[in-house]
Each structure stands twice: as C-alpha cells, then as structure tokens.
$ cat protein18.txt   # compact mmCIF, N, CA and C atoms and all ligand atoms
# COMPACT_ATOMS: atom_id res chain seq x y z
N MET A 249 110.31 93.71 117.29
CA MET A 249 110.93 93.54 115.98
C MET A 249 110.81 94.83 115.15
N ASP A 250 109.63 95.42 115.21
CA ASP A 250 109.43 96.63 114.44
C ASP A 250 110.31 97.78 114.94
N ASP A 251 110.48 97.82 116.26
CA ASP A 251 111.35 98.85 116.83
C ASP A 251 112.78 98.64 116.41
N ASP A 252 113.19 97.38 116.40
CA ASP A 252 114.54 97.05 115.96
C ASP A 252 114.74 97.49 114.51
N ASN A 253 113.74 97.19 113.70
CA ASN A 253 113.82 97.57 112.30
C ASN A 253 113.97 99.07 112.14
N LYS A 254 113.21 99.77 112.93
CA LYS A 254 113.22 101.22 112.84
C LYS A 254 114.61 101.75 113.18
N LYS A 255 115.18 101.18 114.24
CA LYS A 255 116.50 101.61 114.68
C LYS A 255 117.54 101.35 113.60
N ILE A 256 117.47 100.16 113.05
CA ILE A 256 118.49 99.80 112.07
C ILE A 256 118.30 100.60 110.78
N LEU A 257 117.06 100.89 110.44
CA LEU A 257 116.82 101.70 109.25
C LEU A 257 117.38 103.11 109.44
N GLU A 258 117.27 103.59 110.66
CA GLU A 258 117.86 104.90 110.95
C GLU A 258 119.38 104.85 110.85
N LYS A 259 119.92 103.72 111.31
CA LYS A 259 121.36 103.53 111.24
C LYS A 259 121.83 103.50 109.78
N ILE A 260 121.08 102.77 108.95
CA ILE A 260 121.43 102.71 107.53
C ILE A 260 121.34 104.10 106.91
N ALA A 261 120.27 104.80 107.25
CA ALA A 261 120.06 106.12 106.67
C ALA A 261 121.18 107.09 107.06
N LYS A 262 121.72 106.87 108.26
CA LYS A 262 122.78 107.74 108.74
C LYS A 262 124.13 107.38 108.11
N ARG A 263 124.41 106.07 108.09
CA ARG A 263 125.69 105.61 107.56
C ARG A 263 125.75 105.78 106.04
N PHE A 264 124.64 105.46 105.39
CA PHE A 264 124.59 105.57 103.92
C PHE A 264 123.58 106.64 103.56
N ASN A 265 123.99 107.89 103.72
CA ASN A 265 123.02 108.96 103.53
C ASN A 265 123.01 109.53 102.11
N THR A 266 123.97 109.12 101.29
CA THR A 266 123.99 109.59 99.91
C THR A 266 124.32 108.43 98.98
N GLU A 267 124.02 108.60 97.70
CA GLU A 267 124.39 107.59 96.71
C GLU A 267 125.90 107.39 96.72
N GLU A 268 126.63 108.51 96.90
CA GLU A 268 128.09 108.43 96.90
C GLU A 268 128.61 107.54 98.02
N SER A 269 127.99 107.68 99.19
CA SER A 269 128.49 106.86 100.31
C SER A 269 128.25 105.38 100.03
N CYS A 270 127.17 105.06 99.32
CA CYS A 270 126.90 103.67 98.94
C CYS A 270 127.91 103.19 97.90
N LEU A 271 128.15 104.04 96.90
CA LEU A 271 129.10 103.67 95.85
C LEU A 271 130.50 103.49 96.41
N GLU A 272 130.87 104.36 97.34
CA GLU A 272 132.18 104.27 97.95
C GLU A 272 132.31 102.94 98.69
N PHE A 273 131.27 102.60 99.43
CA PHE A 273 131.26 101.34 100.17
C PHE A 273 131.41 100.15 99.21
N LEU A 274 130.62 100.17 98.14
CA LEU A 274 130.68 99.07 97.17
C LEU A 274 132.06 98.97 96.52
N SER A 275 132.64 100.12 96.19
CA SER A 275 133.94 100.07 95.52
C SER A 275 135.03 99.57 96.48
N ASN A 276 134.90 99.91 97.75
CA ASN A 276 135.88 99.40 98.72
C ASN A 276 135.82 97.88 98.84
N ILE A 277 134.61 97.33 98.81
CA ILE A 277 134.46 95.88 98.92
C ILE A 277 134.92 95.22 97.63
N LYS A 278 134.46 95.79 96.54
CA LYS A 278 134.74 95.20 95.23
C LYS A 278 136.23 95.06 94.96
N TRP A 279 136.97 96.09 95.32
CA TRP A 279 138.41 96.08 95.02
C TRP A 279 139.26 95.96 96.27
N GLN A 280 138.72 95.29 97.27
CA GLN A 280 139.49 95.18 98.52
C GLN A 280 140.80 94.43 98.32
N ASN A 281 140.83 93.53 97.33
CA ASN A 281 142.09 92.82 97.07
C ASN A 281 142.82 93.39 95.86
N GLY A 282 142.47 94.60 95.51
CA GLY A 282 143.12 95.23 94.37
C GLY A 282 142.26 95.18 93.13
N PHE A 283 142.62 95.98 92.17
CA PHE A 283 141.86 96.09 90.93
C PHE A 283 142.33 95.06 89.91
N VAL A 284 141.37 94.37 89.30
CA VAL A 284 141.69 93.51 88.16
C VAL A 284 140.66 93.81 87.07
N CYS A 285 141.12 94.20 85.91
CA CYS A 285 140.20 94.53 84.82
C CYS A 285 139.46 93.27 84.40
N ASP A 286 138.13 93.35 84.29
CA ASP A 286 137.43 92.11 83.93
C ASP A 286 137.43 91.85 82.43
N LYS A 287 138.03 92.75 81.68
CA LYS A 287 138.14 92.50 80.25
C LYS A 287 139.51 91.91 79.89
N CYS A 288 140.57 92.54 80.42
CA CYS A 288 141.90 92.09 80.01
C CYS A 288 142.77 91.60 81.16
N GLY A 289 142.31 91.72 82.40
CA GLY A 289 143.09 91.21 83.53
C GLY A 289 144.18 92.12 84.02
N HIS A 290 144.31 93.29 83.41
CA HIS A 290 145.31 94.26 83.82
C HIS A 290 145.00 94.77 85.23
N THR A 291 146.05 95.13 85.98
CA THR A 291 145.79 95.54 87.36
C THR A 291 146.05 97.02 87.62
N ASN A 292 146.41 97.76 86.59
CA ASN A 292 146.57 99.21 86.79
C ASN A 292 145.32 99.94 86.34
N TYR A 293 144.97 100.95 87.08
CA TYR A 293 143.76 101.69 86.74
C TYR A 293 143.95 103.16 87.03
N CYS A 294 143.07 103.95 86.45
CA CYS A 294 142.98 105.33 86.86
C CYS A 294 141.52 105.61 87.20
N LYS A 295 141.27 106.78 87.69
CA LYS A 295 139.91 107.11 88.09
C LYS A 295 139.00 107.12 86.86
N GLY A 296 137.80 106.61 87.00
CA GLY A 296 136.87 106.59 85.87
C GLY A 296 136.12 107.89 85.73
N LYS A 297 135.21 107.89 84.77
CA LYS A 297 134.42 109.08 84.49
C LYS A 297 133.52 109.41 85.68
N ASN A 298 132.90 108.37 86.20
CA ASN A 298 132.04 108.57 87.35
C ASN A 298 132.84 108.35 88.63
N GLU A 299 132.38 109.00 89.66
CA GLU A 299 133.06 108.85 90.92
C GLU A 299 132.95 107.40 91.37
N PHE A 300 134.03 106.87 91.89
CA PHE A 300 134.11 105.50 92.40
C PHE A 300 134.07 104.44 91.32
N SER A 301 134.15 104.82 90.06
CA SER A 301 134.37 103.79 89.04
C SER A 301 135.84 103.87 88.65
N ARG A 302 136.34 102.79 88.06
CA ARG A 302 137.76 102.75 87.72
C ARG A 302 137.93 102.40 86.25
N ARG A 303 138.99 102.94 85.68
CA ARG A 303 139.24 102.69 84.27
C ARG A 303 140.57 101.98 84.11
N CYS A 304 140.54 100.88 83.38
CA CYS A 304 141.74 100.11 83.12
C CYS A 304 142.69 100.95 82.27
N THR A 305 143.96 101.01 82.67
CA THR A 305 144.89 101.86 81.92
C THR A 305 145.36 101.17 80.63
N LYS A 306 145.09 99.88 80.51
CA LYS A 306 145.53 99.17 79.31
C LYS A 306 144.45 99.18 78.23
N CYS A 307 143.28 98.62 78.53
CA CYS A 307 142.25 98.54 77.50
C CYS A 307 141.22 99.66 77.61
N LYS A 308 141.35 100.50 78.63
CA LYS A 308 140.50 101.67 78.82
C LYS A 308 139.07 101.34 79.20
N LYS A 309 138.82 100.10 79.53
CA LYS A 309 137.46 99.77 79.94
C LYS A 309 137.15 100.43 81.29
N GLU A 310 135.97 101.02 81.36
CA GLU A 310 135.55 101.64 82.61
C GLU A 310 134.65 100.67 83.37
N ILE A 311 134.99 100.44 84.62
CA ILE A 311 134.22 99.49 85.42
C ILE A 311 133.61 100.23 86.61
N SER A 312 132.30 100.17 86.69
CA SER A 312 131.63 100.87 87.79
C SER A 312 131.67 100.01 89.04
N SER A 313 131.50 100.66 90.18
CA SER A 313 131.57 99.88 91.41
C SER A 313 130.35 98.98 91.60
N THR A 314 129.32 99.16 90.79
CA THR A 314 128.16 98.27 90.91
C THR A 314 128.19 97.11 89.91
N ALA A 315 129.10 97.15 88.94
CA ALA A 315 129.16 96.08 87.94
C ALA A 315 129.41 94.73 88.61
N HIS A 316 128.70 93.72 88.16
CA HIS A 316 128.80 92.36 88.72
C HIS A 316 128.39 92.29 90.19
N THR A 317 127.59 93.21 90.62
CA THR A 317 127.04 93.09 91.97
C THR A 317 125.52 93.07 91.82
N LEU A 318 124.84 92.78 92.90
CA LEU A 318 123.39 92.75 92.77
C LEU A 318 122.80 94.14 92.61
N PHE A 319 123.65 95.16 92.73
CA PHE A 319 123.17 96.53 92.57
C PHE A 319 123.34 97.04 91.15
N HIS A 320 123.81 96.16 90.27
CA HIS A 320 124.00 96.55 88.88
C HIS A 320 122.67 96.90 88.23
N ARG A 321 122.60 98.00 87.53
CA ARG A 321 121.39 98.48 86.87
C ARG A 321 120.21 98.58 87.83
N CYS A 322 120.52 98.89 89.05
CA CYS A 322 119.49 99.04 90.07
C CYS A 322 118.69 100.30 89.76
N LYS A 323 117.36 100.15 89.71
CA LYS A 323 116.54 101.31 89.32
C LYS A 323 116.15 102.18 90.50
N ILE A 324 116.42 101.70 91.68
CA ILE A 324 116.07 102.50 92.84
C ILE A 324 117.35 103.09 93.44
N PRO A 325 117.22 104.15 94.22
CA PRO A 325 118.42 104.70 94.85
C PRO A 325 119.13 103.63 95.68
N LEU A 326 120.44 103.67 95.67
CA LEU A 326 121.20 102.67 96.43
C LEU A 326 120.91 102.77 97.91
N THR A 327 120.62 103.99 98.36
CA THR A 327 120.31 104.16 99.78
C THR A 327 119.08 103.33 100.16
N THR A 328 118.11 103.24 99.23
CA THR A 328 116.92 102.43 99.46
C THR A 328 117.25 100.94 99.27
N ALA A 329 118.04 100.66 98.25
CA ALA A 329 118.41 99.27 97.96
C ALA A 329 119.12 98.63 99.16
N PHE A 330 119.97 99.39 99.81
CA PHE A 330 120.69 98.87 100.98
C PHE A 330 119.70 98.49 102.08
N LYS A 331 118.67 99.31 102.22
CA LYS A 331 117.66 99.02 103.25
C LYS A 331 116.89 97.75 102.90
N ILE A 332 116.60 97.58 101.63
CA ILE A 332 115.87 96.37 101.21
C ILE A 332 116.73 95.13 101.50
N VAL A 333 118.03 95.24 101.19
CA VAL A 333 118.93 94.12 101.46
C VAL A 333 118.87 93.77 102.94
N TYR A 334 119.01 94.79 103.76
CA TYR A 334 119.01 94.51 105.19
C TYR A 334 117.70 93.89 105.66
N LEU A 335 116.60 94.51 105.31
CA LEU A 335 115.30 94.01 105.77
C LEU A 335 115.02 92.60 105.27
N SER A 336 115.44 92.31 104.05
CA SER A 336 115.20 90.97 103.51
C SER A 336 116.08 89.93 104.18
N CYS A 337 117.23 90.37 104.69
CA CYS A 337 118.13 89.43 105.37
C CYS A 337 117.61 89.09 106.76
N VAL A 338 117.18 90.11 107.49
CA VAL A 338 116.73 89.84 108.85
C VAL A 338 115.30 89.32 108.91
N ASN A 339 114.49 89.70 107.93
CA ASN A 339 113.13 89.15 107.87
C ASN A 339 112.90 88.49 106.51
N PRO A 340 113.37 87.26 106.37
CA PRO A 340 113.26 86.63 105.05
C PRO A 340 111.81 86.55 104.54
N ASP A 341 110.86 86.61 105.47
CA ASP A 341 109.47 86.47 105.04
C ASP A 341 108.76 87.80 104.87
N ILE A 342 109.50 88.87 104.95
CA ILE A 342 108.85 90.18 104.83
C ILE A 342 108.18 90.28 103.46
N SER A 343 106.96 90.77 103.45
CA SER A 343 106.23 90.86 102.19
C SER A 343 106.65 92.12 101.44
N SER A 344 106.47 92.07 100.14
CA SER A 344 106.84 93.26 99.36
C SER A 344 105.91 94.41 99.73
N TYR A 345 104.73 94.05 100.25
CA TYR A 345 103.80 95.09 100.69
C TYR A 345 104.36 95.87 101.89
N SER A 346 104.81 95.14 102.92
CA SER A 346 105.31 95.88 104.09
C SER A 346 106.64 96.54 103.79
N LEU A 347 107.40 95.93 102.90
CA LEU A 347 108.66 96.54 102.47
C LEU A 347 108.40 97.90 101.81
N SER A 348 107.45 97.91 100.91
CA SER A 348 107.17 99.15 100.19
C SER A 348 106.56 100.19 101.12
N LYS A 349 105.78 99.71 102.10
CA LYS A 349 105.17 100.65 103.04
C LYS A 349 106.24 101.28 103.94
N LYS A 350 107.12 100.43 104.45
CA LYS A 350 108.19 100.91 105.33
C LYS A 350 109.10 101.91 104.64
N LEU A 351 109.43 101.61 103.38
CA LEU A 351 110.42 102.43 102.69
C LEU A 351 109.79 103.48 101.78
N GLN A 352 108.47 103.46 101.74
CA GLN A 352 107.74 104.41 100.90
C GLN A 352 108.19 104.36 99.44
N ILE A 353 108.16 103.16 98.92
CA ILE A 353 108.48 102.99 97.51
C ILE A 353 107.33 102.23 96.86
N ARG A 354 107.31 102.17 95.55
CA ARG A 354 106.26 101.44 94.86
C ARG A 354 106.44 99.96 95.12
N ARG A 355 105.32 99.27 95.27
CA ARG A 355 105.37 97.87 95.63
C ARG A 355 106.14 97.04 94.61
N MET A 356 105.93 97.34 93.34
CA MET A 356 106.59 96.58 92.28
C MET A 356 108.11 96.80 92.34
N THR A 357 108.49 98.01 92.64
CA THR A 357 109.91 98.35 92.76
C THR A 357 110.56 97.53 93.86
N GLY A 358 109.88 97.51 95.01
CA GLY A 358 110.40 96.74 96.13
C GLY A 358 110.44 95.26 95.80
N TYR A 359 109.38 94.79 95.17
CA TYR A 359 109.27 93.37 94.83
C TYR A 359 110.40 92.93 93.90
N THR A 360 110.65 93.72 92.88
CA THR A 360 111.67 93.36 91.89
C THR A 360 113.05 93.26 92.52
N PHE A 361 113.39 94.25 93.33
CA PHE A 361 114.72 94.21 93.92
C PHE A 361 114.82 93.14 95.01
N GLN A 362 113.74 92.96 95.74
CA GLN A 362 113.73 91.95 96.79
C GLN A 362 113.95 90.55 96.18
N LYS A 363 113.40 90.35 94.99
CA LYS A 363 113.57 89.07 94.32
C LYS A 363 115.05 88.82 94.01
N LYS A 364 115.72 89.88 93.58
CA LYS A 364 117.15 89.79 93.29
C LYS A 364 117.94 89.43 94.57
N VAL A 365 117.58 90.11 95.65
CA VAL A 365 118.27 89.86 96.92
C VAL A 365 118.05 88.42 97.35
N LYS A 366 116.80 87.96 97.25
CA LYS A 366 116.49 86.59 97.66
C LYS A 366 117.27 85.58 96.84
N HIS A 367 117.38 85.88 95.56
CA HIS A 367 118.14 84.99 94.69
C HIS A 367 119.60 84.90 95.16
N CYS A 368 120.16 86.05 95.51
CA CYS A 368 121.54 86.09 96.01
C CYS A 368 121.68 85.30 97.30
N LEU A 369 120.70 85.44 98.16
CA LEU A 369 120.76 84.77 99.46
C LEU A 369 120.61 83.26 99.32
N SER A 370 119.95 82.83 98.25
CA SER A 370 119.72 81.40 98.09
C SER A 370 120.91 80.68 97.47
N LYS A 371 121.85 81.47 96.98
CA LYS A 371 123.03 80.86 96.35
C LYS A 371 123.93 80.23 97.41
N GLU A 372 124.68 79.25 96.97
CA GLU A 372 125.52 78.51 97.91
C GLU A 372 126.59 79.39 98.55
N ASN A 373 127.24 80.19 97.72
CA ASN A 373 128.25 81.09 98.25
C ASN A 373 127.61 82.42 98.62
N SER A 374 127.91 82.87 99.81
CA SER A 374 127.26 84.10 100.23
C SER A 374 127.80 85.27 99.41
N ASP A 375 126.97 86.24 99.21
CA ASP A 375 127.32 87.40 98.42
C ASP A 375 128.24 88.32 99.24
N PRO A 376 129.41 88.66 98.73
CA PRO A 376 130.36 89.47 99.52
C PRO A 376 129.81 90.84 99.89
N PHE A 377 128.93 91.39 99.04
CA PHE A 377 128.40 92.72 99.33
C PHE A 377 127.35 92.68 100.43
N ILE A 378 126.54 91.64 100.39
CA ILE A 378 125.54 91.49 101.45
C ILE A 378 126.24 91.22 102.78
N GLU A 379 127.23 90.34 102.75
CA GLU A 379 128.00 90.03 103.96
C GLU A 379 128.63 91.29 104.56
N ALA A 380 129.25 92.06 103.69
CA ALA A 380 129.96 93.25 104.15
C ALA A 380 128.97 94.28 104.72
N LEU A 381 127.82 94.37 104.08
CA LEU A 381 126.82 95.33 104.55
C LEU A 381 126.30 94.94 105.93
N LEU A 382 126.02 93.65 106.10
CA LEU A 382 125.53 93.18 107.40
C LEU A 382 126.58 93.40 108.49
N LYS A 383 127.83 93.15 108.12
CA LYS A 383 128.92 93.32 109.06
C LYS A 383 129.06 94.79 109.46
N GLU A 384 128.98 95.62 108.45
CA GLU A 384 129.09 97.06 108.68
C GLU A 384 128.01 97.55 109.64
N LEU A 385 126.80 97.02 109.46
CA LEU A 385 125.67 97.50 110.26
C LEU A 385 125.64 96.91 111.66
N SER A 386 126.33 95.77 111.84
CA SER A 386 126.30 95.15 113.16
C SER A 386 127.38 95.74 114.06
N SER A 387 128.26 96.53 113.46
CA SER A 387 129.35 97.07 114.28
C SER A 387 128.95 98.38 114.93
ZN ZN B 1 141.55 96.18 80.71
$ encode --input "protein18.txt" --output "structure tokens" --more "lines below"
Ligand SMILES: [Zn+2]
Amino acid sequence: MDDDNKKILEKIAKRFNTEESCLEFLSNIKWQNGFVCDKCGHTNYCKGKNEFSRRCTKCKKEISSTAHTLFHRCKIPLTTAFKIVYLSCVNPDISSYSLSKKLQIRRMTGYTFQKKVKHCLSKENSDPFIEALLKELSS
C-alpha cells in the first residue's frame, strides 16, 4: 500500500507540478459545460485578472476557478491539496499525522483540509472535482 501511495504521489507531482497546472485543471472541470456567471447568469466572459479565472462581460464579476469548489480559500498549495484529496480517497482512515508526515506539511494544515475533503466525500452527490481528479490519475 505504501509503495502504491508513493507511486501515485509521484504521478500527482508530475501531472500537477505547478499551481497553474492545478488551476487549469480546475477551470476545465468547472466550465466543462460552458461559462455561466454565478451572479447574473450571463454566459459570455473574458479572461480574468488572474490566470484561469473568468470575468463576466455583463456584470464584470470575476470568478476564480476555485470558487465554489473545495479548494476555495485553500491555504495550502493546490499541488499539496490534490495529494491530500487523493490520499484521503484511497485511504479514508489515514490519520492527519501520517498525512502530514508523507507530505511534509504541518499537521493542523493537513487536518483542516482533510476535514473538508471528508465532508465532500460524505455528501450524497459526489464532488465533480474529486471525481475528475481520481479519473485523471487512474488513466
Ligand atoms: Zn455576470
């Protein structure tokens, strides 16, 4: 199991090696069926201030690719967050201690985000971002 984890963590690190690659992935999933402004419902957009965010051309609201996802206001790098999502999915009982040790992050940091992931996993409808991430990594 540990060897498997190591392999997959290397795979994640390779596929998602920068914050940008994570943001790009999230924005592709988020707007896979097209852009809809969550303020006014308009479907035209232009590029936002930040890379991979979009701005509604009608009301000018800027929507980041992490808004309304479990990665919203994430305090850790997305590259690490993706690893936590994966590890928590395949090992639901993984402790925040081993999580923090594996990823070399502070235990509280790992614990806080892991709690968010667990909450998402416990919901009736599966989270589209978690689903997409698992699919991406299994291919
Ligand atoms: Zn709008």
$ residues_near_ligand --input "protein18.txt" --ligand "ligand ZN 1 (chain B)" --cutoff "8 Å" --atoms "all atoms listed in the file" --output "NGL selection string"
:A and (284-292 or 303-310)
$ write_last_selection --input "protein18.txt" --atoms "N, CA and C atoms" --output "mmCIF file, in the frame of the given file"
data_model
loop_
_atom_site.group_PDB
_atom_site.id
_atom_site.type_symbol
_atom_site.label_atom_id
_atom_site.label_comp_id
_atom_site.auth_asym_id
_atom_site.auth_seq_id
_atom_site.Cartn_x
_atom_site.Cartn_y
_atom_site.Cartn_z
ATOM 1 N N VAL A 284 141.370 94.370 89.300
ATOM 2 C CA VAL A 284 141.690 93.510 88.160
ATOM 3 C C VAL A 284 140.660 93.810 87.070
ATOM 4 N N CYS A 285 141.120 94.200 85.910
ATOM 5 C CA CYS A 285 140.200 94.530 84.820
ATOM 6 C C CYS A 285 139.460 93.270 84.400
ATOM 7 N N ASP A 286 138.130 93.350 84.290
ATOM 8 C CA ASP A 286 137.430 92.110 83.930
ATOM 9 C C ASP A 286 137.430 91.850 82.430
ATOM 10 N N LYS A 287 138.030 92.750 81.680
ATOM 11 C CA LYS A 287 138.140 92.500 80.250
ATOM 12 C C LYS A 287 139.510 91.910 79.890
ATOM 13 N N CYS A 288 140.570 92.540 80.420
ATOM 14 C CA CYS A 288 141.900 92.090 80.010
ATOM 15 C C CYS A 288 142.770 91.600 81.160
ATOM 16 N N GLY A 289 142.310 91.720 82.400
ATOM 17 C CA GLY A 289 143.090 91.210 83.530
ATOM 18 C C GLY A 289 144.180 92.120 84.020
ATOM 19 N N HIS A 290 144.310 93.290 83.410
ATOM 20 C CA HIS A 290 145.310 94.260 83.820
ATOM 21 C C HIS A 290 145.000 94.770 85.230
ATOM 22 N N THR A 291 146.050 95.130 85.980
ATOM 23 C CA THR A 291 145.790 95.540 87.360
ATOM 24 C C THR A 291 146.050 97.020 87.620
ATOM 25 N N ASN A 292 146.410 97.760 86.590
ATOM 26 C CA ASN A 292 146.570 99.210 86.790
ATOM 27 C C ASN A 292 145.320 99.940 86.340
ATOM 28 N N ARG A 303 138.990 102.940 85.680
ATOM 29 C CA ARG A 303 139.240 102.690 84.270
ATOM 30 C C ARG A 303 140.570 101.980 84.110
ATOM 31 N N CYS A 304 140.540 100.880 83.380
ATOM 32 C CA CYS A 304 141.740 100.110 83.120
ATOM 33 C C CYS A 304 142.690 100.950 82.270
ATOM 34 N N THR A 305 143.960 101.010 82.670
ATOM 35 C CA THR A 305 144.890 101.860 81.920
ATOM 36 C C THR A 305 145.360 101.170 80.630
ATOM 37 N N LYS A 306 145.090 99.880 80.510
ATOM 38 C CA LYS A 306 145.530 99.170 79.310
ATOM 39 C C LYS A 306 144.450 99.180 78.230
ATOM 40 N N CYS A 307 143.280 98.620 78.530
ATOM 41 C CA CYS A 307 142.250 98.540 77.500
ATOM 42 C C CYS A 307 141.220 99.660 77.610
ATOM 43 N N LYS A 308 141.350 100.500 78.630
ATOM 44 C CA LYS A 308 140.500 101.670 78.820
ATOM 45 C C LYS A 308 139.070 101.340 79.200
ATOM 46 N N LYS A 309 138.820 100.100 79.530
ATOM 47 C CA LYS A 309 137.460 99.770 79.940
ATOM 48 C C LYS A 309 137.150 100.430 81.290
ATOM 49 N N GLU A 310 135.970 101.020 81.360
ATOM 50 C CA GLU A 310 135.550 101.640 82.610
ATOM 51 C C GLU A 310 134.650 100.670 83.370
#
$ residues_around --input "protein18.txt" --residues "A:Thr357" --least-positions-apart "2" --cutoff "9 Å" --atoms "only C-alpha atoms" --output "number ranges by chain"
A: 323-324, 344, 348, 353-355, 359-362
$ atom_distance --input "protein18.txt" --atom1 "atom N of A:Ala261" --atom2 "atom C of A:Cys294"
29.2 Å
$ atom_distance --input "protein18.txt" --atom1 "atom N of A:Thr314" --atom2 "atom N of A:Ser269"
12.0 Å
$ atom_distance --input "protein18.txt" --atom1 "atom C of A:Ser313" --atom2 "atom C of A:Ser386"
22.9 Å
$ select_by_dssp --input "protein18.txt" --residues "chain A" --states "strand (DSSP E)" --output "ChimeraX atom specification"
/A:293-295,302-304,310-311
